[in-house]
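Each remark here refers to the structure printed beneath this line.
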Amino acid sequence: MARIVAGVATSHIPAVGAAWDNGKTADPYWHPVFKGFERSKEWIAKLKPDVCIVAYNDHMSAFSLEIVPTFAVGCAAEFPISDEGWGPRKVPPVKGHPELASHIVQSVILDEFDLTIVNKMEVDHGLTVPLTLMFGQPSEWPCPIVPLAVNVVVYPVPTGNRCYMLGKAIRKAVESFDEDLRVVIFGTGGMSHQLQGPRAGLINREFDTRFLDNLTKDPQSLVKISHLEYLREAGSEAIELVMWLIMRGALDDKVKEVHRFYHVPASNTALGHIIFENATR
Ligand SMILES: [Fe+2]
């Protein structure tokens, strides 16, 4: 039986990927950011997951306004890296796990979540920056990835509760996959940030800290946060935090918090990161 052993949440700030790609990890501005992930890299290298499921959002790289799937699962064997304007990041292509991805699709759709099946898709910084932060820059990524693209760009976006319940359905799907796989699930994006308008650069440390605290001990309180509350309290792009609730929904009710890191500013956002282990792993 496959099982979800741990969850990782992290911001997926594109400038962090650019800092890595351009050899700026030791610069005074970026050094604290990468230092915050040193323990995470050691942790995941020791854990050696067989597969990672990564909930992230596409930033109009693979999709466009022509097609906006709410939840899309990448079922391909390989996902090329998007060109987001400066050429594709020089990171390895992302290898998929078509069998597990198709099984998740089958199980979760029969559980009445209407997923979109994607058999050809490029992946952008939303997925590759978390991989870089957790795995560094190997010649190939250490395990296959199941990309789960969530629309948090075009309204209406899914509610936090819907994402949390999807996490539970994904866990059920994983646990009915007939292969002994140890799976880590990622939720990416967030924390407080707003990229445009008069409130650009908004950071709400209090909101972020409370979100991290409750992600550990009271996720039920987070599923009730409305879209308006995310926008008002933590900025327009903080809505990405609903993807962290997919990760949290896929874990045990009680989890062990292994590591937490929070840093401001990174680019013009708050960078948040937390790792959980399932008690039942
Ligand atoms: Fe994003």
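Ordering of the structure tokens sets the chain letters (A, B, ...), residue numbers begin anew at 1 in every chain, and ligands are numbered from 1 in the order given.
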Could you list, as a ChimeraX atom specification, all protein and nucleic acid residues with an atom at most 12 Å from ligand 1, counting only C-alpha atoms and all ligand atoms? /A:10-16,55-61,124-130,149-153,187-195,236-243,269,271
Can you list, as an MDAnalysis selection string, every residue of stretch 53-280 of chain A that DSSP puts in strand (DSSP E)? chainID A and resid 53:56 71:74 78:79 94:95 116:118 145:150 182:188 255:266 269:278
Which residue gives the smallest distance to A:Val123 among A:Ile81, A:Val154, A:Val264, A:Ala270, with only C-alpha atoms counted?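 Among the listed residues, A:Ile81 lies closest to A:Val123.
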Distance query stretch 172-180 of chain A at most 6 Å, only C-alpha atoms, self and fewer than 4 positions along chain excluded, as a list in words: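 Listed by chain and then number, they are Met1, Ala2, Arg3, Ile104 and Ser107 of chain A.
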Which is closest to A:Cys163 among A:Ala250, A:Val33, A:Val73, A:Val255, if we use only C-alpha atoms? A:Ala250
Taking only C-alpha atoms into account, which of A:Lys90, A:Arg199, A:Arg171, A:His263 comes nearest A:Gly17? A:Lys90
Considering only C-alpha atoms, can you say which of A:Leu110, A:Ser40, A:Leu65, A:Gly160 comes closest to A:Leu228?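 Ranking A:Leu110, A:Ser40, A:Leu65, A:Gly160 by distance to A:Leu228, first place goes to A:Gly160.
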